Structure formats: C-alpha cells, structure tokens
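**Student:** Sharing start_18.cif here; it has mmCIF, C-alpha atoms.
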data_entry
loop_
_atom_site.label_atom_id
_atom_site.label_comp_id
_atom_site.auth_asym_id
_atom_site.auth_seq_id
_atom_site.Cartn_x
_atom_site.Cartn_y
_atom_site.Cartn_z
CA MET A 99 0.00 0.00 0.00
CA GLU A 100 1.39 3.39 -0.92
CA MET A 101 1.41 6.33 1.40
CA ASN A 102 -1.66 8.40 0.82
CA SER A 103 -0.82 11.99 0.10
CA MET A 104 -4.08 13.23 1.59
CA GLY A 105 -3.25 15.97 4.09
CA GLU A 106 -4.34 16.17 7.67
CA ASN A 107 -7.37 18.17 6.67
CA GLY A 108 -8.16 16.16 3.57
CA ILE A 109 -11.75 15.38 2.75
CA ASN A 110 -11.24 11.73 3.61
CA ASP A 111 -9.56 12.51 6.90
CA LYS A 112 -10.76 10.92 10.09
CA TYR A 113 -9.59 11.36 13.63
CA ILE A 114 -9.17 7.93 15.17
CA ILE A 115 -8.25 6.98 18.72
CA ILE A 116 -6.92 3.46 19.34
CA VAL A 117 -6.42 2.20 22.88
CA GLY A 118 -4.05 -0.75 23.22
CA CYS A 119 -0.79 -0.93 21.31
CA GLY A 120 -0.48 -4.70 21.15
CA LYS A 121 0.26 -6.47 17.89
CA LEU A 122 -3.25 -5.92 16.54
CA GLY A 123 -3.58 -2.30 17.65
CA ALA A 124 -0.14 -1.40 16.34
CA HIS A 125 -0.70 -3.06 12.96
CA LEU A 126 -4.11 -1.40 12.62
CA ALA A 127 -2.60 1.99 13.49
CA GLY A 128 -0.10 1.51 10.69
CA LEU A 129 -2.79 0.59 8.16
CA LEU A 130 -4.91 3.62 9.08
CA PHE A 131 -1.98 6.03 9.08
CA GLU A 132 -0.95 4.75 5.66
CA SER A 133 -4.39 5.56 4.29
CA GLY A 134 -4.20 9.15 5.47
CA LYS A 135 -6.01 9.03 8.78
CA SER A 136 -5.06 10.97 11.90
CA VAL A 137 -4.34 8.34 14.53
CA VAL A 138 -3.79 8.71 18.26
CA MET A 139 -2.46 5.57 19.96
CA VAL A 140 -2.99 5.29 23.71
CA ASP A 141 -1.20 2.78 25.91
CA MET A 142 0.01 2.88 29.48
CA ARG A 143 3.09 0.74 28.74
CA PRO A 144 5.90 2.82 27.23
CA SER A 145 7.45 -0.25 25.62
CA ALA A 146 4.24 -1.00 23.71
CA PHE A 147 4.79 1.85 21.27
CA GLY A 148 7.81 -0.01 19.95
CA ARG A 149 5.33 -2.28 18.15
CA LEU A 150 4.21 0.55 15.88
CA PRO A 151 5.51 0.07 12.35
CA ASP A 152 8.43 2.11 11.04
CA GLY A 153 7.17 5.32 9.54
CA PHE A 154 4.14 5.59 11.78
CA GLY A 155 3.52 9.32 12.08
CA GLY A 156 0.49 9.41 14.35
CA PHE A 157 0.40 10.55 17.94
CA MET A 158 1.35 8.44 20.93
CA LEU A 159 -0.12 9.04 24.37
CA GLU A 160 1.34 7.11 27.28
CA ALA A 161 -1.48 7.03 29.81
CA ASP A 162 -4.16 4.87 31.40
CA ALA A 163 -7.20 5.08 29.14
CA THR A 164 -9.55 4.05 31.92
CA GLU A 165 -9.01 7.49 33.47
CA LEU A 166 -11.42 9.91 31.84
CA ASP A 167 -8.77 12.60 31.73
CA THR A 168 -6.75 10.43 29.35
CA LEU A 169 -9.53 10.20 26.80
CA LYS A 170 -9.92 13.97 26.88
CA LYS A 171 -6.19 14.41 26.37
CA ALA A 172 -6.44 12.06 23.41
CA GLY A 173 -9.03 14.41 21.94
CA ILE A 174 -12.04 12.17 22.23
CA GLU A 175 -14.40 15.10 21.92
CA ASN A 176 -13.29 15.45 18.30
CA ALA A 177 -12.83 11.79 17.48
CA ASP A 178 -14.70 10.21 14.58
CA VAL A 179 -13.72 6.67 15.49
CA PHE A 180 -12.76 4.98 18.76
CA VAL A 181 -11.13 1.55 18.78
CA ALA A 182 -10.33 -0.56 21.86
CA THR A 183 -7.80 -3.32 21.34
CA THR A 184 -6.41 -3.91 24.83
CA ASP A 185 -5.98 -7.51 25.90
CA ASP A 186 -8.94 -7.32 28.27
CA ASP A 187 -12.48 -7.72 26.93
CA ASN A 188 -14.11 -5.86 29.80
CA THR A 189 -11.79 -2.90 29.43
CA ASN A 190 -12.50 -2.76 25.72
CA ILE A 191 -16.24 -2.83 26.27
CA MET A 192 -16.16 -0.24 29.03
CA LEU A 193 -14.04 2.11 26.94
CA THR A 194 -16.18 1.82 23.83
CA GLN A 195 -19.33 2.38 25.89
CA ILE A 196 -17.83 5.54 27.37
CA ALA A 197 -16.74 6.74 23.95
CA LYS A 198 -20.18 6.14 22.51
CA THR A 199 -22.50 7.25 25.29
CA ILE A 200 -20.54 9.99 27.05
CA TYR A 201 -18.63 11.49 24.14
CA GLY A 202 -20.93 10.58 21.29
CA VAL A 203 -18.21 9.09 19.11
CA LYS A 204 -20.03 7.91 15.99
CA LYS A 205 -18.06 4.75 15.30
CA VAL A 206 -16.75 2.59 18.11
CA VAL A 207 -15.43 -0.92 17.83
CA ALA A 208 -13.88 -3.31 20.33
CA ARG A 209 -11.78 -6.42 20.02
CA VAL A 210 -13.19 -9.31 22.05
CA TYR A 211 -11.58 -12.63 22.85
CA GLU A 212 -14.61 -14.42 24.21
CA PRO A 213 -17.22 -15.08 21.56
CA HIS A 214 -19.89 -16.11 24.05
CA ARG A 215 -19.80 -12.54 25.32
CA GLN A 216 -20.20 -11.15 21.84
CA LYS A 217 -23.97 -11.51 21.98
CA VAL A 218 -24.06 -9.41 25.12
CA TYR A 219 -22.11 -6.73 23.33
CA GLU A 220 -24.59 -6.76 20.50
CA GLU A 221 -27.31 -5.99 23.00
CA PHE A 222 -25.34 -2.90 23.97
CA GLU A 223 -25.20 -2.14 20.24
CA LEU A 224 -21.43 -2.14 20.34
CA GLU A 225 -19.58 -3.26 17.26
CA THR A 226 -17.10 -5.99 18.13
CA ILE A 227 -14.57 -8.04 16.25
CA CYS A 228 -13.50 -11.43 17.58
CA PRO A 229 -10.25 -12.56 15.95
CA MET A 230 -10.92 -16.19 16.77
CA ILE A 231 -14.34 -16.26 15.10
CA LEU A 232 -13.04 -14.33 12.12
CA SER A 233 -10.15 -16.76 11.75
CA ALA A 234 -12.25 -19.90 12.12
CA GLU A 235 -14.52 -18.62 9.35
CA ALA A 236 -11.51 -17.85 7.15
CA PHE A 237 -10.19 -21.39 7.66
CA ARG A 238 -13.60 -22.85 6.87
CA ASP A 239 -13.98 -20.75 3.73
CA TYR A 240 -10.56 -21.83 2.54
CA ILE A 241 -11.28 -25.47 3.28
CA GLU A 242 -14.62 -25.35 1.49
CA SER A 243 -13.30 -23.47 -1.51
CA ASP A 244 -12.37 -25.29 -4.69
CA GLY A 245 -8.85 -23.87 -4.90
CA GLY A 246 -5.77 -24.59 -2.85
CA GLY A 247 -5.08 -28.18 -3.78
CA GLU A 248 -2.51 -29.14 -6.35
CA MET B 251 -26.28 -22.77 10.79
CA GLU B 252 -28.36 -25.93 10.64
CA MET B 253 -26.91 -29.37 10.93
CA ASN B 254 -26.23 -30.72 7.51
CA SER B 255 -27.89 -34.06 6.93
CA MET B 256 -25.22 -35.17 4.49
CA GLY B 257 -23.97 -38.60 5.56
CA GLU B 258 -20.41 -39.62 6.15
CA ASN B 259 -20.13 -40.76 2.58
CA GLY B 260 -22.02 -37.86 1.05
CA ILE B 261 -20.73 -36.32 -2.15
CA ASN B 262 -19.62 -33.19 -0.30
CA ASP B 263 -17.81 -35.15 2.34
CA LYS B 264 -14.23 -34.36 3.21
CA TYR B 265 -11.91 -35.98 5.68
CA ILE B 266 -10.26 -33.25 7.70
CA ILE B 267 -7.57 -33.52 10.38
CA ILE B 268 -7.15 -30.61 12.78
CA VAL B 269 -4.21 -30.51 15.19
CA GLY B 270 -4.64 -28.20 18.18
CA CYS B 271 -7.88 -28.03 20.11
CA GLY B 272 -7.55 -24.48 21.37
CA LYS B 273 -10.37 -21.98 21.01
CA LEU B 274 -9.80 -21.54 17.29
CA GLY B 275 -9.32 -25.21 16.47
CA ALA B 276 -12.33 -26.25 18.52
CA HIS B 277 -14.61 -23.63 16.98
CA LEU B 278 -13.44 -24.54 13.49
CA ALA B 279 -14.03 -28.23 14.17
CA GLY B 280 -17.60 -27.38 15.15
CA LEU B 281 -18.19 -25.35 11.99
CA LEU B 282 -16.84 -28.13 9.77
CA PHE B 283 -18.74 -30.88 11.54
CA GLU B 284 -21.94 -28.86 11.22
CA SER B 285 -21.46 -28.66 7.47
CA GLY B 286 -21.17 -32.42 7.14
CA LYS B 287 -17.43 -32.96 7.16
CA SER B 288 -15.62 -35.86 8.81
CA VAL B 289 -13.35 -34.25 11.37
CA VAL B 290 -10.54 -35.75 13.44
CA MET B 291 -9.26 -33.50 16.22
CA VAL B 292 -5.78 -34.23 17.55
CA ASP B 293 -4.44 -32.79 20.79
CA MET B 294 -2.06 -34.10 23.41
CA ARG B 295 -3.89 -32.37 26.29
CA PRO B 296 -6.95 -34.37 27.36
CA SER B 297 -8.59 -31.26 28.82
CA ALA B 298 -8.42 -29.47 25.46
CA PHE B 299 -11.24 -31.55 23.99
CA GLY B 300 -13.60 -29.89 26.46
CA ARG B 301 -13.46 -26.84 24.22
CA LEU B 302 -15.27 -28.66 21.42
CA PRO B 303 -18.84 -27.43 21.04
CA ASP B 304 -21.77 -29.44 22.34
CA GLY B 305 -22.93 -31.84 19.68
CA PHE B 306 -19.55 -32.24 18.05
CA GLY B 307 -19.58 -35.73 16.60
CA GLY B 308 -16.14 -36.00 15.06
CA PHE B 309 -13.26 -38.09 16.28
CA MET B 310 -10.88 -37.10 19.06
CA LEU B 311 -7.33 -38.43 19.21
CA GLU B 312 -5.31 -37.69 22.32
CA ALA B 313 -1.72 -37.86 21.11
CA ASP B 314 1.36 -35.85 20.20
CA ALA B 315 0.98 -34.90 16.56
CA THR B 316 4.70 -34.35 16.15
CA GLU B 317 5.15 -38.13 16.32
CA LEU B 318 4.61 -39.56 12.86
CA ASP B 319 2.69 -42.49 14.26
CA THR B 320 0.02 -40.07 15.51
CA LEU B 321 -0.65 -38.67 12.06
CA LYS B 322 -1.02 -42.19 10.70
CA LYS B 323 -3.44 -43.07 13.48
CA ALA B 324 -5.40 -39.95 12.59
CA GLY B 325 -5.74 -41.33 9.06
CA ILE B 326 -3.55 -38.80 7.30
CA GLU B 327 -3.10 -41.12 4.33
CA ASN B 328 -6.78 -40.58 3.52
CA ALA B 329 -7.08 -36.95 4.58
CA ASP B 330 -8.31 -34.32 2.12
CA VAL B 331 -7.44 -31.41 4.37
CA PHE B 332 -4.90 -30.90 7.16
CA VAL B 333 -5.14 -27.94 9.52
CA ALA B 334 -2.60 -26.97 12.20
CA THR B 335 -3.86 -24.62 14.90
CA THR B 336 -1.55 -25.30 17.82
CA ASP B 337 -0.26 -22.28 19.71
CA ASP B 338 3.22 -22.65 18.23
CA ASP B 339 3.98 -21.32 14.76
CA ASN B 340 6.92 -23.62 14.15
CA THR B 341 4.92 -26.70 15.09
CA ASN B 342 2.14 -25.64 12.76
CA ILE B 343 4.54 -25.12 9.88
CA MET B 344 6.38 -28.37 10.49
CA LEU B 345 3.13 -30.34 10.63
CA THR B 346 1.66 -28.82 7.49
CA GLN B 347 4.92 -29.43 5.63
CA ILE B 348 4.86 -33.08 6.67
CA ALA B 349 1.21 -33.41 5.67
CA LYS B 350 1.88 -31.87 2.28
CA THR B 351 5.21 -33.34 1.29
CA ILE B 352 5.23 -36.75 2.96
CA TYR B 353 1.56 -37.65 2.82
CA GLY B 354 0.47 -35.57 -0.17
CA VAL B 355 -2.50 -33.99 1.55
CA LYS B 356 -4.00 -31.69 -1.06
CA LYS B 357 -5.06 -28.83 1.19
CA VAL B 358 -3.00 -27.81 4.18
CA VAL B 359 -3.32 -24.63 6.17
CA ALA B 360 -1.61 -23.34 9.31
CA ARG B 361 -2.42 -20.65 11.81
CA VAL B 362 0.49 -18.28 12.38
CA TYR B 363 0.90 -15.65 15.05
CA GLU B 364 3.90 -13.85 13.64
CA PRO B 365 3.12 -12.05 10.41
CA HIS B 366 6.77 -11.36 9.61
CA ARG B 367 7.19 -15.11 9.26
CA GLN B 368 4.24 -15.36 6.92
CA LYS B 369 6.36 -14.43 3.93
CA VAL B 370 8.70 -17.32 4.68
CA TYR B 371 5.72 -19.65 4.74
CA GLU B 372 4.63 -18.38 1.36
CA GLU B 373 8.00 -19.38 0.00
CA PHE B 374 7.28 -22.90 1.21
CA GLU B 375 3.93 -22.57 -0.61
CA LEU B 376 2.09 -23.22 2.61
CA GLU B 377 -1.28 -21.57 3.08
CA THR B 378 -1.35 -19.66 6.36
CA ILE B 379 -3.90 -17.59 8.22
CA CYS B 380 -2.76 -14.93 10.69
CA PRO B 381 -5.63 -13.94 13.00
CA MET B 382 -3.98 -10.63 13.85
CA ILE B 383 -3.63 -9.51 10.22
CA LEU B 384 -7.13 -10.71 9.41
CA SER B 385 -8.53 -8.78 12.36
CA ALA B 386 -6.62 -5.58 11.67
CA GLU B 387 -8.00 -5.63 8.12
CA ALA B 388 -11.52 -6.22 9.44
CA PHE B 389 -11.20 -3.24 11.79
CA ARG B 390 -9.88 -1.08 8.98
CA ASP B 391 -12.66 -2.10 6.63
CA TYR B 392 -15.26 -1.32 9.28
CA ILE B 393 -13.65 2.04 10.05
CA GLU B 394 -13.47 2.99 6.38
CA SER B 395 -17.00 1.83 5.60
CA ASP B 396 -19.87 4.29 5.45
CA GLY B 397 -22.06 2.43 7.91
CA GLY B 398 -21.80 2.00 11.63
CA GLY B 399 -22.33 5.55 12.81
CA GLU B 400 -25.66 6.78 14.03
#
Would you kindly transcribe this structure into structure tokens?
**Tutor:**
Amino acid sequence: MEMNSMGENGINDKYIIIVGCGKLGAHLAGLLFESGKSVVMVDMRPSAFGRLPDGFGGFMLEADATELDTLKKAGIENADVFVATTDDDNTNIMLTQIAKTIYGVKKVVARVYEPHRQKVYEEFELETICPMILSAEAFRDYIESDGGGE
Amino acid sequence: MEMNSMGENGINDKYIIIVGCGKLGAHLAGLLFESGKSVVMVDMRPSAFGRLPDGFGGFMLEADATELDTLKKAGIENADVFVATTDDDNTNIMLTQIAKTIYGVKKVVARVYEPHRQKVYEEFELETICPMILSAEAFRDYIESDGGGE
C-alpha cells in the first residue's frame, strides 16, 4: 500500500483513537496512518509503542485510558472513530461504551476474545470483532473453496 | 447454521484432520462438523477436547501430533485437508509441511501468530492464516466503511 498523500485536513480525513498498542492495535494503526487518517495511539506501557511500524507518524499518548482525563487528552471530543484493542475484553467494552454514550463518538469498535460474550455486546449495540471467530470462518472458507489443492 | 444431513459418505464429504484443540481449532471443528465434514481432532492435552462445542460428533485423538505415528493413526493417508492450529507457529509449519510433502494432503493450512514469518511460509507454498492480520484488516474495513455511525 502506498502512502496516501491526503493531508491532515483532507476530505477523507478521520480522527481515530486506538487504545491498546499490542500487535493488533499497532498493525491497525499503521494501516490507518498509511491511508491518510489521523491516529492517536494510547497505551500505558511505554514499551508498547515499539510495536508501531516504522514510519508511523500518528500521535502516541502514554497514559491509562480508563481514566477519563486520558480520553480527553487524546481528543475524544473530536474523534470520529474509537477503537479498543487492549488484551482485556471488559476494558474494551467499558471504553467503547464511554466513547459512545458519554462522548458521542459515531463509530466505536472493540476487540473481544470471548465469543460467548459477543452476543451481550450486540445488546449494547457495540460493534465488536473477535479474531478467533473471524479466523475460524476464514479457515472454513478456505477449506470449502475449490482452490488450494494441487 | 443448521446441521447438515449429508452422511459420512455424502458427495460433499471431506476428511479433515485438525491438530490443536484451542479456542480456534475447537470452533473450526464445530463449523466443519456442522457442514457435514468428517473431522478428526488431535491434541495431546486431554482437557483441550472440552473446548469442542456441544454436539460435536467428530473423532478425538489424544496424542502428540509431532510423532509420525500419531498422524497415521489420525488417518492422514486418507485426509483431504490438514489444519494446524496449535499455539506454536513452528509446530504448525512443520506439521503442514509433513502433511503436504510426505503424505500428499491436497489442502494444508496453518495458523500463524507472527506475520513477519508469513512471507517465509509463502516461500514454502504453505497456506497460512494470521488472526492478527485478518482482524486488523476487518477493523480497517469497518472504520473505512460508510455504515456503523448513528
């Protein structure tokens, strides 16, 4: 993917906050930055930011996102998208609920590990992505496809 | 998804070996069994089989898949598909290579955690699925889609 030359105020620009700079969060931040988005990455572990890809030019905020002050510092009042990818399902759900209900962020999405909780999240009308479910479906689709054999 | 009534010898039947009954492997086994496939799950940890969904009617083989005898017991000589979803990338790659090159299994696919290794796997012409990459792309697609906001 080539760097998008769209400027910070480009028509396609979005202001995106990601909490949790694990492998998934860091890779996602890189993808979004590459496509011209403004990205703020929040993590309380200084070492976590080392996972961000080379060339990542978004913002990094070292702070505990479960403190409301942190979300304000991250600019949540102006955020178009809020993403929670910490390694704790409950934290992710709590954060996305706060982003949605208190700050009115239009798009919020959380990573969840436990699929049996996913139905609960749907009742809260929170968008969630479960890597395990997604992966199992990808395996199944590959297995059931015609291609792949030699 | 409804249970498929296709019998064990139905025209759509495939014989599938999965090694690694973690969350992903167990969920995948359930999906494949539901769609009428013959599934053999291999894991060396007896407790792991408890992750299989209720109603799973495939075979369970408690053994170390890195011993060649285990793969034979699992029926690898007749397998159409071989899937490795242990929690170790190297084990998954080794097993899929054995399935492909020694036993000539037509479709083999491995879960990998480390995307930077994925390119190496492609050189071996092994199909791999990286849950992290898949998930990051799903997040990005959701974020860049028009829907989702209210």
**Student:** Give me the residues within 6 Å of Val269 of chain B as a PDB file with C-alpha atoms, keeping the file's coordinate frame, counting all atoms listed in the file and dropping any in the same chain fewer than 2 places off.
**Tutor:**
ATOM      1  CA  MET B 291      -9.260 -33.500  16.220  1.00  0.00           C
ATOM      2  CA  VAL B 292      -5.780 -34.230  17.550  1.00  0.00           C
ATOM      3  CA  ALA B 334      -2.600 -26.970  12.200  1.00  0.00           C
ATOM      4  CA  THR B 335      -3.860 -24.620  14.900  1.00  0.00           C
TER       5      THR B 335
END
**Student:** Evaluating the PyMOL selection byres ((chain B and resi 381) around 7) on the displayed file yields which residues, as a count of residues only?
**Tutor:** 9
**Student:** Give me, as a PyMOL selection string, all polymer residues having an atom no more than 8 Å from segment 195-211 of chain A, counting only C-alpha atoms and skipping those fewer than 3 positions away in the same chain.
**Tutor:** (chain A and resi 174-175+177-184+186-187+190-192+216+224-230) or (chain B and resi 389+393+398-400)
**Student:** I'd like to see the residues matched by the PyMOL selection byres ((chain A and resi 146-148) around 10) on this file, and ideally I'd get them as a list in words.
**Tutor:** Gly118, Cys119, Gly120, Lys121, Gly123, Ala124, Met139, Val140, Asp141, Met142, Arg143, Pro144, Ser145, Arg149, Leu150, Pro151, Asp152, Met158, Leu159 and Glu160 of chain A
**Student:** Would you compute the distance between atom CA of Phe157 of chain A and atom CA of Gly173 of chain A? Give it in Å to one decimal.
**Tutor:** 10.9 Å
**Student:** What's the separation between atom CA of Tyr392 of chain B and atom CA of Glu242 of chain A, in Å to one decimal place?
**Tutor:**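 Atom CA of Tyr392 of chain B sits 25.3 Å away from atom CA of Glu242 of chain A.
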**Student:** What does the distance from atom CA of Leu282 of chain B to atom CA of Pro213 of chain A come to in Å, to one decimal?
**Tutor:**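 Interatomic distance here is 17.6 Å.
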**Student:** Could you check which of A:Thr194, A:Asn176, A:Ser243, A:Asn188 is closest to Ile116 of chain A, using only C-alpha atoms?
**Tutor:**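 Of A:Thr194, A:Asn176, A:Ser243, A:Asn188, the one nearest Ile116 of chain A is A:Thr194, counting only C-alpha atoms.
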**Student:** Apply the PyMOL selection byres ((chain B and resi 307) around 9) to the displayed file and report the matching residues as a count of residues only.
**Tutor:** 9
**Student:** Given the choices A:Asp185, A:Asp111, A:Glu132, A:His125, which gets closest to chain B if the distance is worked out from all atoms listed in the file?
**Tutor:** A:His125
**Student:** To test the calculation: enclose all listed atoms of segment 170-188 of chain A in a box whose edges run along x, y and z, add 3 Å on each side, then state centre and edge lengths in Å to one decimal, as AutoDock Vina command-line options.
**Tutor:**
--center_x -10.3 --center_y 3.9 --center_z 22.2 --size_x 14.7 --size_y 29.2 --size_z 21.2
**Student:** Which of these residues is nearest to Thr168 of chain A, using all atoms listed in the file: A:Val138, A:Val218, A:Leu129, A:Leu122?
**Tutor:**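 Under the stated criterion, the closest residue is A:Val138.
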**Student:** Here is a test: counting all atoms listed in the file, which residue of B:Thr316, B:Ile267, B:Glu373, B:Leu321 is nearest to chain A?
**Tutor:** B:Ile267
**Student:** Would you please work out which residue, of B:Asp314, B:Asp319, B:Leu345, B:Glu375, is nearest to chain A when using all atoms listed in the file?
**Tutor:**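 For chain A, the nearest of the given residues is B:Glu375.
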